[in-house]
Structure formats: C-alpha cells, structure tokens
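Heads up: the structure comes next, in structure tokens.
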Amino acid sequence: MRPSASQSWPLVAPDWIQNGPEWLNDFGYDVYKSFIFDDRYQMYIKGLMNTLLLTLLALLIGVALGVVISLVRVSWDKNHGEMHGPGKLVLGFFNALAKIYLTVIRGTPMVVQLMIMYFVVFASSRNKVMVGALSFGINSGAYVAEIIRGGIMSIDTGQMEAGRSLGFGYVPTMRYIILPQAFKSVLPTLANEFIVLLKETAVAGYVGLTDVTYAGNIIGGNCYDYLFPLLMSALIYLVLVMFFTFLVGKLERRLRSSER
C-alpha cells in the first residue's frame with residue numbers, strides 16, 4: 001500500500017521491494033523514496049522543462065546581444081582610424097560601453113549576476129524564468145560577442161573589399177558577405193557555448209527556480225538522503241550534454257563536408 005504524504009519517516013517500502021534480496025531491497029528503497037513516493041519524479045520533469053526553456057531563451061538573448069556587441073567592437077577596431085566627426089564619437093562611446101560590459105560580465109560570477117537581477121533589478125517581478133533567461137542571456141552575450149568577433153576578424157579583408165567593389169556599403173557588406181561566413185566558422189563554437197550554458201543554469205536554484213539541480217536538492221532534503229536525488233540530477237545533465245555533443249559533432253562533420 002502506498003504510504004501517504006503525512007506518514008512519519010522512515011517510509012515503509014512496498015512489498016515488491018521488500019521481498020527481494022537485501023542489496024536489491026536497499027537499492028529499491030532508495031529509488032522508491034527518491035523518485036516514486038509522492039510522485040517526486042514529476043519535480044524532475046518540471047525541472048528539466050525549466051532548464052531547457054531557460055537555456056533556449058538565454059541562448060537567443062545571448063546571440064542577439066553578442067552580434068550587436070561584436071559588430072560595434074569590430075567596426076571600431078577596423079574603422080576608427082578613418083572616421084571623423086560625430087560618427088566617430090558615437091561609435092567610440094558605444095565601443096567603450098561594450099568594453100565595460102565585457103569586462104564586468106566576464107569578471108564577475110554568474111550566480112552573483114543572477115541574484116542582483118532577481119533581488120535588486122527585478123525585485124518586484126516573480127517571473128523567475130524570464131528573469132533567469134535575461135540574466136543568463138546577458139552573461140552568455142559577453143562570451144558570444146567575443147566568439148563572433150573572432151569569427152569576423154578571421155575573414156580575409158579582401159572579402160570586405162570585394163563587397164565594396166560590388167557597390168555595397170559597409171553595413172550591407174557585413175550583413176550579406178562577412179557575417180554569413182563568420183557564422184559558419186564559429187557555429188560549432190556557438191553550439192558548444194549552448195552546452196556550457198545548459199550546465200551553467202544549475203545555479204538558477206539560488207533564486208528558487210525549479211531546475212534539475214534544485215529539484216534534486218529539494219527531494220534530497222525531503223527524504224533525508226541527497227545521494228540518489230543528486231545523482232539523478234547529474235545523470236540528467238550528463239544525458240543532455242551527451243545528446244547535444246552528438247548533435248554538435250554531426251554539425252561539425254556536415255560543415256567540413258560542405259567545404260570540400
């Protein structure tokens with residue numbers, strides 16, 4: 001008979017667990033109290049959904065922000081010597097802001113940024129997923145910006161000259177010629193950034209967001225045993241990372257084959 005939620009601890013495992021060998025009985029009891037009792041597996045499912053949603057939203061924000069920051073940095077590095085007047089001042093101002101952003105974001109811990117965003121900047125908001133997505137997206141944007149900037153800088157300068165010779169201005173040349181080539185060269189690195197971001201979301205529990213790690217921590221506290229719940233959390237992350245690593249590997253092989 002399934003014990004009720006109010007039953008005193010320790011739980012009494014079902015007969016199908018108790019009737020087996022002792023080692024299997026102990027293992028089955030740990031599994032039962034960690035995953036089956038009170039439908040605790042549902043918390044892992046909820047945590048997994050929140051983790052994937054948080055990672056996807058943060059990646060979209062990070063890529064969008066990273067593209068803008070990288071374009072500002074590259075434009076300044078390549079053109080500031082030839083620019084004059086207000087345009088140079090405006091670009092220099094935004095380039096300085098971009099440098100400050102990169103320095104601050106890459107120089108401070110992700111968990112501190114998350115807590116500042118949740119407890120200070122968005123203290124009146126209780127939408128933990130959106131606040132978390134903004135926090136992780138802003139953090140990821142700093143690294144994505146440098147990845148994309150490296151990709152743009154690796155493109156031969158003759159590509160820019162070829163675009164200008166076709167009558168394109170600076171912006172159309174970057175949009176139609178430089179950026180597509182840069183994205184192709186850095187796409188595997190961006191995919192790996194997605195995997196890193198997936199694991200970084202494990203600190204979302206600091207603001208009470210139910211992700212995979214937070215689910216394991218709560219369940220461990222409820223059943224007075226952290227081993228199996230946290231191992232389950234680690235296993236979920238491992239499976240996700242292996243799956244996305246496999247997809248990144250296929251993407252890299254396809255890109256290499258398309259260059260032949």
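Residue numbering restarts at 1 in every chain; chains get A, B, ... in the order shown in the structure tokens, and ligands count up from 1 in that same order.
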Legend entry - Tyr44 in chain A environment, 10 Å, only C-alpha atoms, sequence neighbours closer than 4 positions dropped, as a list in words: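 Near neighbours after the sequence-gap exclusion: Phe35, Asp39, Arg40, Leu48, Met49, Asn50, Thr210, Asp211, Val212, Thr213, Tyr214, Ala215, Gly216, Ile219, Pro229, Met232, Ser233 and Ile236 of chain A.
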For the selection you just gave me, I'd like the residues written to a file as a PDB file, in the first residue's frame, keeping N, CA, C and O atoms.
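Written file, selection.pdb:
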ATOM      1  N   PHE A  35      12.270   8.871  -5.906  1.00  0.00           N
ATOM      2  CA  PHE A  35      11.640   9.155  -7.190  1.00  0.00           C
ATOM      3  C   PHE A  35      10.151   8.827  -7.253  1.00  0.00           C
ATOM      4  O   PHE A  35       9.388   9.528  -7.910  1.00  0.00           O
ATOM      5  N   ASP A  39       5.070  10.940  -6.029  1.00  0.00           N
ATOM      6  CA  ASP A  39       5.304  11.345  -7.430  1.00  0.00           C
ATOM      7  C   ASP A  39       6.441  12.363  -7.540  1.00  0.00           C
ATOM      8  O   ASP A  39       6.361  13.364  -8.267  1.00  0.00           O
ATOM      9  N   ARG A  40       7.525  12.103  -6.826  1.00  0.00           N
ATOM     10  CA  ARG A  40       8.636  13.053  -6.829  1.00  0.00           C
ATOM     11  C   ARG A  40       9.327  13.153  -8.184  1.00  0.00           C
ATOM     12  O   ARG A  40      10.022  14.150  -8.455  1.00  0.00           O
ATOM     13  N   LEU A  48      13.453  19.714 -15.580  1.00  0.00           N
ATOM     14  CA  LEU A  48      14.029  19.526 -16.910  1.00  0.00           C
ATOM     15  C   LEU A  48      13.412  20.500 -17.906  1.00  0.00           C
ATOM     16  O   LEU A  48      14.129  21.105 -18.723  1.00  0.00           O
ATOM     17  N   MET A  49      12.100  20.662 -17.864  1.00  0.00           N
ATOM     18  CA  MET A  49      11.435  21.595 -18.774  1.00  0.00           C
ATOM     19  C   MET A  49      11.917  23.027 -18.532  1.00  0.00           C
ATOM     20  O   MET A  49      12.189  23.774 -19.484  1.00  0.00           O
ATOM     21  N   ASN A  50      12.037  23.413 -17.259  1.00  0.00           N
ATOM     22  CA  ASN A  50      12.511  24.754 -16.947  1.00  0.00           C
ATOM     23  C   ASN A  50      13.960  24.951 -17.385  1.00  0.00           C
ATOM     24  O   ASN A  50      14.335  26.029 -17.876  1.00  0.00           O
ATOM     25  N   THR A 210      12.854  26.254 -10.077  1.00  0.00           N
ATOM     26  CA  THR A 210      12.931  24.792 -10.055  1.00  0.00           C
ATOM     27  C   THR A 210      13.559  24.279 -11.336  1.00  0.00           C
ATOM     28  O   THR A 210      12.887  24.056 -12.344  1.00  0.00           O
ATOM     29  N   ASP A 211      14.874  24.112 -11.322  1.00  0.00           N
ATOM     30  CA  ASP A 211      15.568  23.470 -12.427  1.00  0.00           C
ATOM     31  C   ASP A 211      15.952  22.062 -11.985  1.00  0.00           C
ATOM     32  O   ASP A 211      15.514  21.594 -10.928  1.00  0.00           O
ATOM     33  N   VAL A 212      16.766  21.382 -12.761  1.00  0.00           N
ATOM     34  CA  VAL A 212      17.116  19.995 -12.456  1.00  0.00           C
ATOM     35  C   VAL A 212      17.882  19.903 -11.136  1.00  0.00           C
ATOM     36  O   VAL A 212      17.602  19.036 -10.289  1.00  0.00           O
ATOM     37  N   THR A 213      18.844  20.779 -10.924  1.00  0.00           N
ATOM     38  CA  THR A 213      19.639  20.742  -9.700  1.00  0.00           C
ATOM     39  C   THR A 213      18.794  21.075  -8.475  1.00  0.00           C
ATOM     40  O   THR A 213      18.891  20.418  -7.431  1.00  0.00           O
ATOM     41  N   TYR A 214      17.959  22.087  -8.595  1.00  0.00           N
ATOM     42  CA  TYR A 214      17.101  22.490  -7.478  1.00  0.00           C
ATOM     43  C   TYR A 214      16.135  21.365  -7.108  1.00  0.00           C
ATOM     44  O   TYR A 214      15.868  21.126  -5.924  1.00  0.00           O
ATOM     45  N   ALA A 215      15.615  20.667  -8.126  1.00  0.00           N
ATOM     46  CA  ALA A 215      14.711  19.547  -7.862  1.00  0.00           C
ATOM     47  C   ALA A 215      15.409  18.463  -7.051  1.00  0.00           C
ATOM     48  O   ALA A 215      14.866  17.946  -6.067  1.00  0.00           O
ATOM     49  N   GLY A 216      16.636  18.122  -7.443  1.00  0.00           N
ATOM     50  CA  GLY A 216      17.384  17.116  -6.699  1.00  0.00           C
ATOM     51  C   GLY A 216      17.675  17.552  -5.283  1.00  0.00           C
ATOM     52  O   GLY A 216      17.622  16.746  -4.345  1.00  0.00           O
ATOM     53  N   ILE A 219      14.321  17.379  -3.208  1.00  0.00           N
ATOM     54  CA  ILE A 219      13.947  15.989  -2.939  1.00  0.00           C
ATOM     55  C   ILE A 219      14.901  15.364  -1.933  1.00  0.00           C
ATOM     56  O   ILE A 219      14.486  14.605  -1.043  1.00  0.00           O
ATOM     57  N   PRO A 229      19.012  11.505  -5.167  1.00  0.00           N
ATOM     58  CA  PRO A 229      18.439  12.648  -5.878  1.00  0.00           C
ATOM     59  C   PRO A 229      19.473  13.456  -6.659  1.00  0.00           C
ATOM     60  O   PRO A 229      19.236  13.850  -7.802  1.00  0.00           O
ATOM     61  N   MET A 232      20.686  11.574  -9.651  1.00  0.00           N
ATOM     62  CA  MET A 232      19.696  11.663 -10.717  1.00  0.00           C
ATOM     63  C   MET A 232      19.836  12.987 -11.469  1.00  0.00           C
ATOM     64  O   MET A 232      19.767  13.021 -12.704  1.00  0.00           O
ATOM     65  N   SER A 233      20.039  14.075 -10.740  1.00  0.00           N
ATOM     66  CA  SER A 233      20.251  15.368 -11.385  1.00  0.00           C
ATOM     67  C   SER A 233      21.486  15.332 -12.274  1.00  0.00           C
ATOM     68  O   SER A 233      21.461  15.806 -13.420  1.00  0.00           O
ATOM     69  N   ILE A 236      20.804  13.372 -15.474  1.00  0.00           N
ATOM     70  CA  ILE A 236      20.005  14.120 -16.451  1.00  0.00           C
ATOM     71  C   ILE A 236      20.897  15.086 -17.226  1.00  0.00           C
ATOM     72  O   ILE A 236      20.829  15.167 -18.463  1.00  0.00           O
TER      73      ILE A 236
END
Please provide the set of residues having any atom within 9 Å of range 119-128 of chain A, restricted to only C-alpha atoms, with same-chain residues fewer than 4 positions apart removed, written as a PDB file with all heavy atoms, in the first residue's frame.
ATOM      1  N   LEU A 114      23.019  36.761 -11.318  1.00  0.00           N
ATOM      2  CA  LEU A 114      21.649  36.264 -11.227  1.00  0.00           C
ATOM      3  C   LEU A 114      20.939  36.819  -9.999  1.00  0.00           C
ATOM      4  O   LEU A 114      19.782  37.261 -10.079  1.00  0.00           O
ATOM      5  CB  LEU A 114      21.654  34.738 -11.192  1.00  0.00           C
ATOM      6  CG  LEU A 114      20.311  34.041 -10.991  1.00  0.00           C
ATOM      7  CD1 LEU A 114      19.381  34.325 -12.159  1.00  0.00           C
ATOM      8  CD2 LEU A 114      20.504  32.533 -10.814  1.00  0.00           C
ATOM      9  N   MET A 115      21.612  36.830  -8.879  1.00  0.00           N
ATOM     10  CA  MET A 115      20.996  37.309  -7.639  1.00  0.00           C
ATOM     11  C   MET A 115      20.756  38.814  -7.682  1.00  0.00           C
ATOM     12  O   MET A 115      19.739  39.300  -7.180  1.00  0.00           O
ATOM     13  CB  MET A 115      21.886  36.935  -6.451  1.00  0.00           C
ATOM     14  CG  MET A 115      21.977  35.428  -6.225  1.00  0.00           C
ATOM     15  SD  MET A 115      23.147  34.950  -4.936  1.00  0.00           S
ATOM     16  CE  MET A 115      22.253  35.464  -3.479  1.00  0.00           C
ATOM     17  N   GLY A 132      15.596  34.795 -15.010  1.00  0.00           N
ATOM     18  CA  GLY A 132      16.733  33.903 -15.205  1.00  0.00           C
ATOM     19  C   GLY A 132      17.231  33.917 -16.632  1.00  0.00           C
ATOM     20  O   GLY A 132      18.440  33.930 -16.884  1.00  0.00           O
ATOM     21  N   ALA A 133      16.300  33.929 -17.602  1.00  0.00           N
ATOM     22  CA  ALA A 133      16.695  33.960 -19.009  1.00  0.00           C
ATOM     23  C   ALA A 133      17.456  35.241 -19.333  1.00  0.00           C
ATOM     24  O   ALA A 133      18.464  35.219 -20.054  1.00  0.00           O
ATOM     25  CB  ALA A 133      15.460  33.839 -19.899  1.00  0.00           C
ATOM     26  N   ALA A 204      20.443  28.324 -11.057  1.00  0.00           N
ATOM     27  CA  ALA A 204      19.149  29.018 -11.029  1.00  0.00           C
ATOM     28  C   ALA A 204      18.404  28.784  -9.723  1.00  0.00           C
ATOM     29  O   ALA A 204      17.550  29.581  -9.338  1.00  0.00           O
ATOM     30  CB  ALA A 204      18.282  28.572 -12.214  1.00  0.00           C
ATOM     31  N   VAL A 207      17.718  31.463  -6.798  1.00  0.00           N
ATOM     32  CA  VAL A 207      16.569  32.368  -6.729  1.00  0.00           C
ATOM     33  C   VAL A 207      15.262  31.577  -6.656  1.00  0.00           C
ATOM     34  O   VAL A 207      14.182  32.125  -6.888  1.00  0.00           O
ATOM     35  CB  VAL A 207      16.555  33.332  -7.936  1.00  0.00           C
ATOM     36  CG1 VAL A 207      17.773  34.233  -7.912  1.00  0.00           C
ATOM     37  CG2 VAL A 207      16.454  32.581  -9.264  1.00  0.00           C
ATOM     38  N   GLY A 208      15.363  30.285  -6.339  1.00  0.00           N
ATOM     39  CA  GLY A 208      14.169  29.467  -6.147  1.00  0.00           C
ATOM     40  C   GLY A 208      13.539  28.951  -7.416  1.00  0.00           C
ATOM     41  O   GLY A 208      12.402  28.465  -7.384  1.00  0.00           O
ATOM     42  N   LEU A 209      14.240  29.027  -8.543  1.00  0.00           N
ATOM     43  CA  LEU A 209      13.705  28.494  -9.798  1.00  0.00           C
ATOM     44  C   LEU A 209      13.912  26.990  -9.835  1.00  0.00           C
ATOM     45  O   LEU A 209      15.023  26.502  -9.631  1.00  0.00           O
ATOM     46  CB  LEU A 209      14.392  29.151 -10.993  1.00  0.00           C
ATOM     47  CG  LEU A 209      13.986  28.656 -12.389  1.00  0.00           C
ATOM     48  CD1 LEU A 209      12.491  28.869 -12.614  1.00  0.00           C
ATOM     49  CD2 LEU A 209      14.792  29.365 -13.465  1.00  0.00           C
TER      50      LEU A 209
END
Inset, instruction - Could you tell me which of A:Val72, A:Val131, A:Met110, A:Tyr226 comes closest to Gly92 in chain A if we count only C-alpha atoms? - result: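 Closest candidate: A:Val72.
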Legend entry - Point-to-point distance from CA of Asn95 in chain A to CA of Arg73 in chain A, Å rounded to tenths: 5.8 Å
Inset, instruction - Pick out the closest residue to Ser75 in chain A from this set: A:Thr51, A:Asp30, A:Met153, A:Ser165. Count only C-alpha atoms. - result: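 Looking only at the distances to Ser75 in chain A, the closest residue turns out to be A:Met153.
Separating CA of Leu59 in chain A from CA of Leu247 in chain A is a distance of 16.4 Å.
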Inset, instruction - Using only C-alpha atoms, pick whichever of A:Ala58, A:Leu52, A:Val112, A:Val31 has the shortest atom-to-atom distance to Leu240 in chain A. - result: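 Result for the nearest residue to Leu240 in chain A: A:Leu52.
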Inset, instruction - Work out how far apart CA of Ser135 in chain A and CA of Val90 in chain A are and give it in Å to one decimal. - result: 27.0 Å
Inset, instruction - Skip Gly66 in chain A itself and residues of its chain fewer than 2 positions away, then list as a VMD selection string all residues within 12 Å of it, counting only C-alpha atoms. - result: chain A and resid 58 to 64 68 to 74 98 101 to 102 137 to 150 183 190
For those residues, write C-alpha atoms to a file as a PDB file, in the first residue's frame.
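again08.pdb written:
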ATOM      1  CA  ALA A  58      19.119  32.660 -22.719  1.00  0.00           C
ATOM      2  CA  LEU A  59      20.836  31.456 -25.890  1.00  0.00           C
ATOM      3  CA  LEU A  60      18.561  33.564 -28.109  1.00  0.00           C
ATOM      4  CA  ILE A  61      19.179  36.637 -25.955  1.00  0.00           C
ATOM      5  CA  GLY A  62      22.893  35.924 -25.824  1.00  0.00           C
ATOM      6  CA  VAL A  63      23.266  35.509 -29.590  1.00  0.00           C
ATOM      7  CA  ALA A  64      21.287  38.679 -30.343  1.00  0.00           C
ATOM      8  CA  VAL A  68      25.386  43.661 -31.660  1.00  0.00           C
ATOM      9  CA  ILE A  69      28.375  43.906 -29.312  1.00  0.00           C
ATOM     10  CA  SER A  70      30.709  42.161 -31.742  1.00  0.00           C
ATOM     11  CA  LEU A  71      29.678  44.443 -34.628  1.00  0.00           C
ATOM     12  CA  VAL A  72      30.338  47.534 -32.501  1.00  0.00           C
ATOM     13  CA  ARG A  73      33.754  46.229 -31.463  1.00  0.00           C
ATOM     14  CA  VAL A  74      34.769  45.171 -34.967  1.00  0.00           C
ATOM     15  CA  ALA A  98      30.824  47.358 -24.925  1.00  0.00           C
ATOM     16  CA  TYR A 101      30.036  45.297 -20.410  1.00  0.00           C
ATOM     17  CA  LEU A 102      32.529  42.596 -21.419  1.00  0.00           C
ATOM     18  CA  GLY A 137      21.401  35.675 -21.708  1.00  0.00           C
ATOM     19  CA  ILE A 138      23.288  38.812 -20.690  1.00  0.00           C
ATOM     20  CA  ASN A 139      26.087  36.658 -19.298  1.00  0.00           C
ATOM     21  CA  SER A 140      26.234  34.455 -22.386  1.00  0.00           C
ATOM     22  CA  GLY A 141      26.153  37.506 -24.676  1.00  0.00           C
ATOM     23  CA  ALA A 142      29.598  38.578 -23.454  1.00  0.00           C
ATOM     24  CA  TYR A 143      31.138  35.262 -24.495  1.00  0.00           C
ATOM     25  CA  VAL A 144      29.147  35.013 -27.724  1.00  0.00           C
ATOM     26  CA  ALA A 145      30.301  38.536 -28.650  1.00  0.00           C
ATOM     27  CA  GLU A 146      33.948  37.516 -28.430  1.00  0.00           C
ATOM     28  CA  ILE A 147      33.278  34.297 -30.349  1.00  0.00           C
ATOM     29  CA  ILE A 148      31.592  36.176 -33.193  1.00  0.00           C
ATOM     30  CA  ARG A 149      34.182  38.955 -33.136  1.00  0.00           C
ATOM     31  CA  GLY A 150      36.900  36.341 -33.546  1.00  0.00           C
ATOM     32  CA  PHE A 183      28.728  32.452 -38.507  1.00  0.00           C
ATOM     33  CA  LEU A 190      28.429  28.637 -30.553  1.00  0.00           C
TER      34      LEU A 190
END
Legend entry - Which residue of A:Lys199, A:His84, A:Lys250, A:Arg256 approaches Thr55 in chain A most closely, using only C-alpha atoms: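 Of all the options, A:Lys199 lies closest to Thr55 in chain A.
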